[in-house]
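Chemist: Just so it is clear, I am handing over query24.tsv, which has TSV, C-alpha atoms and all ligand atoms.
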```
chain	number	residue	atom	x	y	z
D	13	MET	CA	112.24	103.12	97.51
D	14	SER	CA	109.91	105.51	95.67
D	15	THR	CA	108.82	108.82	97.17
D	16	THR	CA	105.13	109.75	97.12
D	17	PHE	CA	104.21	113.40	96.57
D	18	LEU	CA	100.74	114.36	97.73
D	19	ALA	CA	99.21	116.86	95.28
D	20	LEU	CA	97.69	119.77	97.21
D	21	ASP	CA	95.14	120.64	94.52
D	22	PHE	CA	92.95	122.99	96.53
D	23	PRO	CA	91.54	126.46	95.77
D	24	SER	CA	92.98	128.07	98.91
D	25	LYS	CA	95.54	127.48	101.64
D	26	GLU	CA	93.11	126.51	104.42
D	27	PRO	CA	92.16	123.01	103.20
D	28	ALA	CA	95.73	122.47	101.96
D	29	LEU	CA	97.25	123.32	105.35
D	30	ALA	CA	94.66	121.21	107.15
D	31	LEU	CA	95.74	118.18	105.10
D	32	VAL	CA	99.45	119.02	105.51
D	33	LYS	CA	98.99	119.18	109.29
D	34	LYS	CA	97.35	115.74	109.32
D	35	THR	CA	99.90	114.04	107.07
D	36	ILE	CA	103.32	115.73	107.31
D	37	ALA	CA	104.56	113.42	110.07
D	38	LEU	CA	103.55	110.43	107.93
D	39	ASN	CA	105.02	111.72	104.69
D	40	PRO	CA	106.64	115.18	104.23
D	41	TYR	CA	106.44	115.28	100.40
D	42	PHE	CA	103.89	117.65	98.82
D	43	LYS	CA	103.20	118.95	95.35
D	44	VAL	CA	102.02	122.54	94.87
D	45	GLY	CA	100.48	123.02	91.46
D	46	LEU	CA	98.78	125.71	89.47
D	47	GLU	CA	95.47	125.90	91.36
D	48	LEU	CA	96.96	126.53	94.79
D	49	TYR	CA	99.94	128.56	93.57
D	50	VAL	CA	97.77	130.97	91.58
D	51	ALA	CA	95.53	131.42	94.63
D	52	GLU	CA	98.20	131.76	97.34
D	53	GLY	CA	101.51	132.52	95.65
D	54	PRO	CA	105.11	132.23	96.81
D	55	ASP	CA	104.42	133.10	100.46
D	56	PHE	CA	102.47	129.88	100.79
D	57	VAL	CA	105.36	127.90	99.31
D	58	ARG	CA	107.87	129.53	101.67
D	59	ALA	CA	105.62	128.86	104.67
D	60	LEU	CA	105.19	125.22	103.65
D	61	ALA	CA	108.96	124.81	103.25
D	62	ALA	CA	109.45	126.37	106.68
D	63	GLU	CA	107.20	123.64	108.13
D	64	GLY	CA	109.72	121.08	106.88
D	65	ALA	CA	107.79	120.03	103.78
D	66	LYS	CA	109.73	118.80	100.75
D	67	ILE	CA	108.03	120.53	97.86
D	68	PHE	CA	107.60	119.76	94.20
D	69	LEU	CA	106.53	123.06	92.61
D	70	ASP	CA	104.59	121.89	89.56
D	71	LEU	CA	104.07	125.00	87.42
D	72	LYS	CA	105.11	123.45	84.07
D	73	PHE	CA	106.76	126.56	82.66
D	74	HIS	CA	106.43	126.87	78.87
D	75	ASP	CA	107.32	130.25	77.36
D	76	ILE	CA	110.23	131.93	75.56
D	77	PRO	CA	113.66	131.02	77.00
D	78	ASN	CA	114.23	134.37	78.73
D	79	THR	CA	110.86	134.29	80.51
D	80	VAL	CA	111.20	130.67	81.57
D	81	ALA	CA	114.71	131.33	82.88
D	82	GLY	CA	113.30	134.13	85.04
D	83	ALA	CA	110.45	131.97	86.35
D	84	VAL	CA	112.81	129.07	87.14
D	85	ARG	CA	115.16	131.48	88.94
D	86	SER	CA	112.28	132.80	91.08
D	87	ALA	CA	111.08	129.29	91.88
D	88	ALA	CA	114.59	128.09	92.78
D	89	SER	CA	114.80	130.84	95.40
D	90	LEU	CA	111.73	129.48	97.23
D	91	GLY	CA	113.53	126.48	98.70
D	92	VAL	CA	111.64	123.85	96.72
D	93	ALA	CA	113.11	120.40	96.13
D	94	TYR	CA	111.74	119.90	92.60
D	95	GLN	CA	110.40	122.16	89.88
D	96	ASN	CA	109.47	121.62	86.23
D	97	VAL	CA	109.25	123.04	82.74
D	98	HIS	CA	107.48	121.70	79.67
D	99	CYS	CA	109.68	119.84	77.18
D	100	GLY	CA	107.47	121.27	74.41
D	101	GLY	CA	109.17	124.64	74.95
D	102	GLY	CA	112.14	123.40	72.93
D	103	LEU	CA	115.84	122.82	73.46
D	104	GLU	CA	116.87	126.46	73.87
D	105	MET	CA	114.19	127.01	76.52
D	106	LEU	CA	115.19	123.84	78.37
D	107	LYS	CA	118.88	124.81	78.38
D	108	ALA	CA	118.02	128.31	79.66
D	109	ALA	CA	115.99	126.70	82.46
D	110	VAL	CA	118.86	124.38	83.47
D	111	ALA	CA	121.32	127.29	83.64
D	112	ALA	CA	118.92	129.55	85.56
D	113	ASN	CA	118.08	126.83	88.09
D	114	ALA	CA	121.74	126.20	88.91
D	115	GLU	CA	122.69	129.89	88.98
D	116	ALA	CA	119.84	130.96	91.25
D	117	ALA	CA	120.49	128.20	93.77
D	118	ALA	CA	124.25	128.84	93.82
D	119	LYS	CA	123.68	132.55	94.40
D	120	LEU	CA	121.60	131.79	97.49
D	121	SER	CA	123.80	128.88	98.61
D	122	LEU	CA	120.74	126.61	98.38
D	123	PRO	CA	120.81	123.12	96.89
D	124	ALA	CA	119.51	123.40	93.30
D	125	PRO	CA	115.99	122.00	92.95
D	126	LYS	CA	115.81	118.94	90.72
D	127	LEU	CA	114.59	120.24	87.38
D	128	LEU	CA	112.19	117.96	85.50
D	129	GLY	CA	110.69	118.15	82.02
D	130	VAL	CA	107.00	117.46	81.49
D	131	THR	CA	106.66	115.05	78.57
D	132	VAL	CA	103.10	114.13	77.60
D	133	LEU	CA	100.36	114.84	80.13
D	134	THR	CA	98.87	111.70	81.66
D	135	SER	CA	95.41	113.05	80.80
D	136	LEU	CA	96.14	112.64	77.07
D	137	ASP	CA	95.66	109.40	75.16
D	138	ASP	CA	96.88	108.66	71.61
D	139	GLN	CA	93.74	110.11	70.06
D	140	ALA	CA	94.02	113.37	72.01
D	141	ILE	CA	97.71	113.65	71.10
D	142	GLN	CA	96.97	113.31	67.41
D	143	GLN	CA	94.14	115.85	67.77
D	144	ILE	CA	96.72	118.41	69.02
D	145	GLY	CA	98.68	117.85	65.84
D	146	PHE	CA	101.48	115.55	66.98
D	147	PRO	CA	101.31	112.86	64.28
D	148	ARG	CA	102.36	110.02	66.55
D	149	SER	CA	101.59	107.93	69.63
D	150	ALA	CA	102.10	109.07	73.23
D	151	SER	CA	105.17	106.86	73.56
D	152	ALA	CA	106.81	108.17	70.38
D	153	GLN	CA	106.23	111.72	71.61
D	154	VAL	CA	107.59	110.86	75.07
D	155	LYS	CA	110.73	109.43	73.42
D	156	GLN	CA	111.31	112.67	71.53
D	157	PHE	CA	110.87	114.75	74.71
D	158	VAL	CA	113.15	112.50	76.81
D	159	GLU	CA	115.92	112.93	74.24
D	160	LEU	CA	115.48	116.72	74.36
D	161	ALA	CA	115.43	116.72	78.16
D	162	GLN	CA	118.67	114.73	78.30
D	163	GLU	CA	120.39	116.91	75.75
D	164	ALA	CA	119.44	120.03	77.72
D	165	GLY	CA	120.78	118.56	80.98
D	166	LEU	CA	117.52	118.21	82.93
D	167	ASP	CA	117.55	115.92	85.97
D	168	GLY	CA	114.61	113.86	84.78
D	169	VAL	CA	111.08	113.90	83.41
D	170	VAL	CA	107.44	113.79	84.43
D	171	CYS	CA	105.81	110.91	82.57
D	172	SER	CA	103.16	108.22	82.81
D	173	ALA	CA	104.10	105.01	84.61
D	174	GLN	CA	103.24	103.23	81.38
D	175	GLU	CA	106.24	104.92	79.75
D	176	LEU	CA	108.80	104.09	82.46
D	177	PRO	CA	110.39	101.18	80.58
D	178	LEU	CA	110.80	103.44	77.54
D	179	VAL	CA	112.29	106.32	79.57
D	180	GLN	CA	114.70	103.97	81.35
D	181	SER	CA	115.80	102.34	78.11
D	182	LEU	CA	116.57	105.77	76.65
D	183	ALA	CA	118.04	107.57	79.64
D	184	GLY	CA	119.04	104.90	82.18
D	185	LYS	CA	117.72	104.19	85.66
D	186	ASP	CA	119.31	107.22	87.35
D	187	PHE	CA	117.41	109.72	85.19
D	188	LEU	CA	114.67	110.87	87.57
D	189	THR	CA	111.05	109.94	86.87
D	190	MET	CA	108.08	111.69	88.49
D	191	VAL	CA	104.89	109.81	87.77
D	192	PRO	CA	101.35	111.21	88.07
D	193	GLY	CA	98.23	109.37	86.94
D	194	ILE	CA	98.48	106.96	89.89
D	195	ARG	CA	95.26	105.16	90.71
D	196	PRO	CA	94.93	102.48	93.42
D	197	SER	CA	92.78	99.63	92.07
D	198	GLY	CA	89.13	100.60	92.24
D	199	ALA	CA	89.83	104.37	92.38
D	200	ALA	CA	88.08	106.68	89.89
D	201	SER	CA	90.39	107.68	87.03
D	202	GLY	CA	88.79	111.15	86.61
D	203	ASP	CA	90.45	112.95	83.70
D	204	GLN	CA	93.56	110.74	83.81
D	205	LYS	CA	94.01	108.30	80.91
D	206	ARG	CA	97.46	106.66	81.11
D	207	THR	CA	97.28	105.34	84.69
D	208	LEU	CA	98.88	102.56	86.78
D	209	THR	CA	98.44	101.51	90.42
D	210	PRO	CA	101.02	102.62	93.04
D	211	ALA	CA	102.54	99.12	93.23
D	212	GLU	CA	102.77	98.82	89.44
D	213	ALA	CA	104.50	102.21	89.20
D	214	VAL	CA	107.02	101.29	91.90
D	215	ARG	CA	107.75	97.92	90.30
D	216	ALA	CA	108.29	99.71	86.99
D	217	GLY	CA	111.00	101.79	88.69
D	218	ALA	CA	109.38	105.21	89.31
D	219	HIS	CA	111.54	107.42	91.54
D	220	CYS	CA	108.58	109.57	92.62
D	221	LEU	CA	104.80	109.11	92.45
D	222	VAL	CA	102.28	111.96	92.45
D	223	VAL	CA	98.93	111.24	94.04
D	224	GLY	CA	96.10	113.76	94.28
D	225	ARG	CA	92.43	112.86	94.18
D	226	PRO	CA	92.79	109.25	95.37
D	227	VAL	CA	93.75	110.91	98.68
D	228	THR	CA	92.16	114.38	98.62
D	229	ALA	CA	88.74	113.12	97.45
D	230	ALA	CA	88.72	110.04	99.70
D	231	PRO	CA	86.24	109.89	102.60
D	232	ASN	CA	89.24	109.46	104.92
D	233	PRO	CA	92.28	111.09	103.25
D	234	VAL	CA	94.77	110.08	105.96
D	235	GLN	CA	93.73	106.44	105.72
D	236	ALA	CA	93.86	106.61	101.90
D	237	LEU	CA	97.40	108.02	102.06
D	238	GLN	CA	98.48	105.40	104.60
D	239	ASP	CA	97.15	102.65	102.32
D	240	ILE	CA	99.06	104.05	99.34
D	241	LEU	CA	102.28	104.44	101.35
D	242	ALA	CA	101.95	100.85	102.56
D	243	GLU	CA	101.38	99.65	98.98
D	244	VAL	CA	104.47	101.60	97.84
D	245	ALA	CA	106.61	100.24	100.69
D	246	SER	CA	105.67	96.62	100.03
D	247	ALA	CA	105.80	96.70	96.23
Q	1	LIG	O1	94.32	113.99	91.28
Q	1	LIG	P1	95.45	113.34	90.51
Q	1	LIG	O2	96.10	112.19	91.25
Q	1	LIG	O3	95.06	112.99	89.08
Q	1	LIG	O4	96.56	114.48	90.45
Q	1	LIG	C1	97.67	114.41	89.63
Q	1	LIG	C2	98.46	115.67	89.79
Q	1	LIG	O5	99.62	115.58	88.98
Q	1	LIG	C3	97.72	116.94	89.38
Q	1	LIG	O6	98.11	117.95	90.30
Q	1	LIG	C4	98.24	117.26	88.00
Q	1	LIG	O7	98.31	118.64	87.75
Q	1	LIG	C5	99.65	116.67	88.06
Q	1	LIG	N1	100.24	116.26	86.81
Q	1	LIG	C6	99.66	115.36	85.94
Q	1	LIG	N2	100.27	115.04	84.76
Q	1	LIG	C7	101.45	115.56	84.45
Q	1	LIG	C8	102.08	116.47	85.32
Q	1	LIG	C9	101.43	116.79	86.51
Q	1	LIG	O8	98.58	114.83	86.26
Q	1	LIG	N3	102.08	115.20	83.34
```
For this file, write the structure as structure tokens.
Ligand code: C5P
Modeler:
Amino acid sequence: MSTTFLALDFPSKEPALALVKKTIALNPYFKVGLELYVAEGPDFVRALAAEGAKIFLDLKFHDIPNTVAGAVRSAASLGVAYQNVHCGGGLEMLKAAVAANAEAAAKLSLPAPKLLGVTVLTSLDDQAIQQIGFPRSASAQVKQFVELAQEAGLDGVVCSAQELPLVQSLAGKDFLTMVPGIRPSGAASGDQKRTLTPAEAVRAGAHCLVVGRPVTAAPNPVQALQDILAEVASA
């Protein structure tokens, strides 16, 4: 059964908490990303965890190994269930992140957050990837990043649902997959390019789905979330 993380992409805590209050009993999984974290910081994350939320802290760290290790350590102390770094930071950075995540959690006697590597953003298509300077397709780039993530000892990756068969063939079905770019049929794709529906992502074997605007921008967000959860459960 896949888990659905609701992306709390809001500019401040008030609308985020209003949505959490309406949905936490239905589904306690939430993603806090850059917009909300930069606005509200670690206190918001601690308060959300104290409400019983299971949090994916999606800050996609990408810096020199020492700096990323420090950031991962700080995030691990917040009581989040998942956090992530960018595979593009290289093997040494990824290994430093793995070590820091485990050390910080052990020091506080907390379970270590699952540490995921961002592969290729779901907003990028092949043309955009080549424009950056990677001379290959999204899937070839994802393959390279999955191999790095495995070698470094990450728990899994963030990838498009379209790349799930590739990730599973490289890393096996237990390697965790967190899949954004989920669009129920008929929903606007926005800036996302490599999308699949919730049912398609579940059938392809995603461990976790990330859903933002199909819920947050819906006229009735609770109903939209219920519909997605029902689609996930029956896929
Ligand atoms: O609104 P939407 O459903 O497109 O939200 C997707 C969420 O997943 C956003 O918060 C975005 O930052 C995040 N994300 C992504 N692609 C990744 C990693 C995270 O879209 N590779």
Chemist: Under the rule of at most 6 Å, produce a per-residue listing of chain D near ligand LIG 1 (chain Q): chain, number, name, the closest pair of atoms, and the distance in Å, as a Markdown table, using all atoms listed in the file.
Modeler:
```
| residue | atom | partner | partner_atom | distance |
| --- | --- | --- | --- | --- |
| D:Ala19 | CA | Q:LIG1 | O6 | 5.2 |
| D:Asp21 | CA | Q:LIG1 | O6 | 5.8 |
| D:Gly45 | CA | Q:LIG1 | O6 | 5.7 |
| D:Val130 | CA | Q:LIG1 | N3 | 5.7 |
| D:Val132 | CA | Q:LIG1 | N3 | 5.9 |
| D:Leu133 | CA | Q:LIG1 | N3 | 3.7 |
| D:Thr134 | CA | Q:LIG1 | N2 | 4.8 |
| D:Val170 | CA | Q:LIG1 | N3 | 5.6 |
| D:Cys171 | CA | Q:LIG1 | N3 | 5.7 |
| D:Pro192 | CA | Q:LIG1 | O5 | 4.8 |
| D:Gly193 | CA | Q:LIG1 | O3 | 5.3 |
| D:Ile194 | CA | Q:LIG1 | O2 | 5.9 |
| D:Gln204 | CA | Q:LIG1 | O3 | 5.9 |
| D:Val222 | CA | Q:LIG1 | O5 | 5.7 |
| D:Val223 | CA | Q:LIG1 | O2 | 4.1 |
| D:Gly224 | CA | Q:LIG1 | O2 | 3.4 |
| D:Arg225 | CA | Q:LIG1 | O1 | 3.6 |
```
Chemist: Quick one: write out the picked residues with C-alpha atoms as a PDB file, keeping the file's coordinate frame?
Modeler:
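What follows is the written file again-v1.pdb:
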```pdb
ATOM      1  CA  ALA D  19      99.210 116.860  95.280  1.00  0.00           C
ATOM      2  CA  ASP D  21      95.140 120.640  94.520  1.00  0.00           C
ATOM      3  CA  GLY D  45     100.480 123.020  91.460  1.00  0.00           C
ATOM      4  CA  VAL D 130     107.000 117.460  81.490  1.00  0.00           C
ATOM      5  CA  VAL D 132     103.100 114.130  77.600  1.00  0.00           C
ATOM      6  CA  LEU D 133     100.360 114.840  80.130  1.00  0.00           C
ATOM      7  CA  THR D 134      98.870 111.700  81.660  1.00  0.00           C
ATOM      8  CA  VAL D 170     107.440 113.790  84.430  1.00  0.00           C
ATOM      9  CA  CYS D 171     105.810 110.910  82.570  1.00  0.00           C
ATOM     10  CA  PRO D 192     101.350 111.210  88.070  1.00  0.00           C
ATOM     11  CA  GLY D 193      98.230 109.370  86.940  1.00  0.00           C
ATOM     12  CA  ILE D 194      98.480 106.960  89.890  1.00  0.00           C
ATOM     13  CA  GLN D 204      93.560 110.740  83.810  1.00  0.00           C
ATOM     14  CA  VAL D 222     102.280 111.960  92.450  1.00  0.00           C
ATOM     15  CA  VAL D 223      98.930 111.240  94.040  1.00  0.00           C
ATOM     16  CA  GLY D 224      96.100 113.760  94.280  1.00  0.00           C
ATOM     17  CA  ARG D 225      92.430 112.860  94.180  1.00  0.00           C
TER      18      ARG D 225
END
```
Chemist: Taking 2 positions as the minimum chain separation for residues in the same chain, which residues sit within 12 Å of Arg206 of chain D when counting all atoms listed in the file? Answer as a list in words.
Modeler: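 Here the qualifying residues turn out to be Val132, Leu133, Thr134, Ser135, Leu136, Asp137, Asp138, Ala140, Ala150, Ser151, Cys171, Ser172, Ala173, Gln174, Glu175, Leu176, Val191, Pro192, Gly193, Ile194, Arg195, Ser201, Gly202, Asp203, Gln204, Leu208, Thr209 and Ala213 of chain D.
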Chemist: For those residues, write C-alpha atoms to a file as a PDB file, in the coordinates of the input.
Modeler:
```
ATOM      1  CA  VAL D 132     103.100 114.130  77.600  1.00  0.00           C
ATOM      2  CA  LEU D 133     100.360 114.840  80.130  1.00  0.00           C
ATOM      3  CA  THR D 134      98.870 111.700  81.660  1.00  0.00           C
ATOM      4  CA  SER D 135      95.410 113.050  80.800  1.00  0.00           C
ATOM      5  CA  LEU D 136      96.140 112.640  77.070  1.00  0.00           C
ATOM      6  CA  ASP D 137      95.660 109.400  75.160  1.00  0.00           C
ATOM      7  CA  ASP D 138      96.880 108.660  71.610  1.00  0.00           C
ATOM      8  CA  ALA D 140      94.020 113.370  72.010  1.00  0.00           C
ATOM      9  CA  ALA D 150     102.100 109.070  73.230  1.00  0.00           C
ATOM     10  CA  SER D 151     105.170 106.860  73.560  1.00  0.00           C
ATOM     11  CA  CYS D 171     105.810 110.910  82.570  1.00  0.00           C
ATOM     12  CA  SER D 172     103.160 108.220  82.810  1.00  0.00           C
ATOM     13  CA  ALA D 173     104.100 105.010  84.610  1.00  0.00           C
ATOM     14  CA  GLN D 174     103.240 103.230  81.380  1.00  0.00           C
ATOM     15  CA  GLU D 175     106.240 104.920  79.750  1.00  0.00           C
ATOM     16  CA  LEU D 176     108.800 104.090  82.460  1.00  0.00           C
ATOM     17  CA  VAL D 191     104.890 109.810  87.770  1.00  0.00           C
ATOM     18  CA  PRO D 192     101.350 111.210  88.070  1.00  0.00           C
ATOM     19  CA  GLY D 193      98.230 109.370  86.940  1.00  0.00           C
ATOM     20  CA  ILE D 194      98.480 106.960  89.890  1.00  0.00           C
ATOM     21  CA  ARG D 195      95.260 105.160  90.710  1.00  0.00           C
ATOM     22  CA  SER D 201      90.390 107.680  87.030  1.00  0.00           C
ATOM     23  CA  GLY D 202      88.790 111.150  86.610  1.00  0.00           C
ATOM     24  CA  ASP D 203      90.450 112.950  83.700  1.00  0.00           C
ATOM     25  CA  GLN D 204      93.560 110.740  83.810  1.00  0.00           C
ATOM     26  CA  LEU D 208      98.880 102.560  86.780  1.00  0.00           C
ATOM     27  CA  THR D 209      98.440 101.510  90.420  1.00  0.00           C
ATOM     28  CA  ALA D 213     104.500 102.210  89.200  1.00  0.00           C
TER      29      ALA D 213
END
```
Chemist: My list of candidates is D:Val154, D:Leu127, D:Ala236, D:Leu122. Which is closest to Ala108 of chain D when distances are computed with only C-alpha atoms?
Modeler: D:Leu127
Chemist: Can you tell me how far atom CA of Ala81 of chain D sits from atom CA of Pro54 of chain D, in Å to one decimal?
Modeler: 16.9 Å
Chemist: Using all atoms listed in the file, which of D:Ser89, D:Thr189, D:Asn78, D:Gln142 sits nearest Met105 of chain D?
Modeler: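 Nearest to Met105 of chain D: D:Asn78.
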Chemist: Go through D:Ala200, D:Ile141, D:Val44, D:Ala109 and flag the residue nearest Ala93 of chain D, using all atoms listed in the file for the distances.
Modeler: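 Comparing D:Ala200, D:Ile141, D:Val44, D:Ala109 against Ala93 of chain D, the winner is D:Val44.
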Chemist: Counting only C-alpha atoms, find residues at most 12 Å from (93.4, 119.1, 105.3) (file frame) and give them as a PyMOL selection string.
Modeler: chain D and resi 18-22+24-36+227-234
Chemist: Using only C-alpha atoms, please write the residues we just selected to a file, as a PDB file, in the coordinates of the input.
Modeler:
```
ATOM      1  CA  LEU D  18     100.740 114.360  97.730  1.00  0.00           C
ATOM      2  CA  ALA D  19      99.210 116.860  95.280  1.00  0.00           C
ATOM      3  CA  LEU D  20      97.690 119.770  97.210  1.00  0.00           C
ATOM      4  CA  ASP D  21      95.140 120.640  94.520  1.00  0.00           C
ATOM      5  CA  PHE D  22      92.950 122.990  96.530  1.00  0.00           C
ATOM      6  CA  SER D  24      92.980 128.070  98.910  1.00  0.00           C
ATOM      7  CA  LYS D  25      95.540 127.480 101.640  1.00  0.00           C
ATOM      8  CA  GLU D  26      93.110 126.510 104.420  1.00  0.00           C
ATOM      9  CA  PRO D  27      92.160 123.010 103.200  1.00  0.00           C
ATOM     10  CA  ALA D  28      95.730 122.470 101.960  1.00  0.00           C
ATOM     11  CA  LEU D  29      97.250 123.320 105.350  1.00  0.00           C
ATOM     12  CA  ALA D  30      94.660 121.210 107.150  1.00  0.00           C
ATOM     13  CA  LEU D  31      95.740 118.180 105.100  1.00  0.00           C
ATOM     14  CA  VAL D  32      99.450 119.020 105.510  1.00  0.00           C
ATOM     15  CA  LYS D  33      98.990 119.180 109.290  1.00  0.00           C
ATOM     16  CA  LYS D  34      97.350 115.740 109.320  1.00  0.00           C
ATOM     17  CA  THR D  35      99.900 114.040 107.070  1.00  0.00           C
ATOM     18  CA  ILE D  36     103.320 115.730 107.310  1.00  0.00           C
ATOM     19  CA  VAL D 227      93.750 110.910  98.680  1.00  0.00           C
ATOM     20  CA  THR D 228      92.160 114.380  98.620  1.00  0.00           C
ATOM     21  CA  ALA D 229      88.740 113.120  97.450  1.00  0.00           C
ATOM     22  CA  ALA D 230      88.720 110.040  99.700  1.00  0.00           C
ATOM     23  CA  PRO D 231      86.240 109.890 102.600  1.00  0.00           C
ATOM     24  CA  ASN D 232      89.240 109.460 104.920  1.00  0.00           C
ATOM     25  CA  PRO D 233      92.280 111.090 103.250  1.00  0.00           C
ATOM     26  CA  VAL D 234      94.770 110.080 105.960  1.00  0.00           C
TER      27      VAL D 234
END
```
Chemist: In Å to one decimal, how far is atom CA of Pro77 of chain D from atom CA of Ala161 of chain D?
Modeler: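 Atom-to-atom, atom CA of Ala161 of chain D to atom CA of Pro77 of chain D, that is 14.5 Å.
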Chemist: Pull the closest atom pair for each residue of segment 108-224 of chain D that gets at most 6 Å from segment 94-102 of chain D, along with the distance in Å to one decimal, counting all atoms listed in the file, ordering rows by chain and then ascending residue number, as a Markdown table.
Modeler:
```
| residue | atom | partner | partner_atom | distance |
| --- | --- | --- | --- | --- |
| D:Pro125 | CA | D:Tyr94 | CA | 4.8 |
| D:Lys126 | CA | D:Tyr94 | CA | 4.6 |
| D:Leu127 | CA | D:Gln95 | CA | 5.2 |
| D:Leu128 | CA | D:Asn96 | CA | 4.6 |
| D:Gly129 | CA | D:Val97 | CA | 5.1 |
| D:Val130 | CA | D:His98 | CA | 4.6 |
| D:Thr131 | CA | D:Cys99 | CA | 5.8 |
| D:Phe157 | CA | D:Cys99 | CA | 5.8 |
```
Chemist: Skip segment 178-183 of chain D itself and residues of its chain fewer than 4 positions away, then list as a list in words all residues within 8 Å of it, counting all atoms listed in the file.
Modeler: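 My reading of the contact set: Ser151, Val154, Lys155, Val158, Glu159, Gln162 and Phe187 of chain D.
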Chemist: Go through D:Met190, D:Ala242, D:Ile144, D:Ala111 and flag the residue nearest Gly82 of chain D, using all atoms listed in the file for the distances.
Modeler: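 Answer, going by the shortest atom-to-atom distance: D:Ala111.
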Chemist: Could you jot down the atom CA of Asn39 of chain D to atom CA of Lys205 of chain D separation for me, Å, one decimal place?
Modeler: 26.4 Å
Chemist: Nearest to Ala211 of chain D among D:Val57, D:Leu71, D:Ala245, D:Ala65, with distances taken over all atoms listed in the file: which residue is it?
Modeler: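 Among D:Val57, D:Leu71, D:Ala245, D:Ala65, it is D:Ala245 that comes nearest to Ala211 of chain D.
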Chemist: When distances are computed from only C-alpha atoms, which of D:Ser149, D:Ser86, D:Gln235, D:Gln143 shows the smallest separation from Lys119 of chain D?
Modeler: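 When distances to Lys119 of chain D are compared using only C-alpha atoms, the smallest one comes from D:Ser86.
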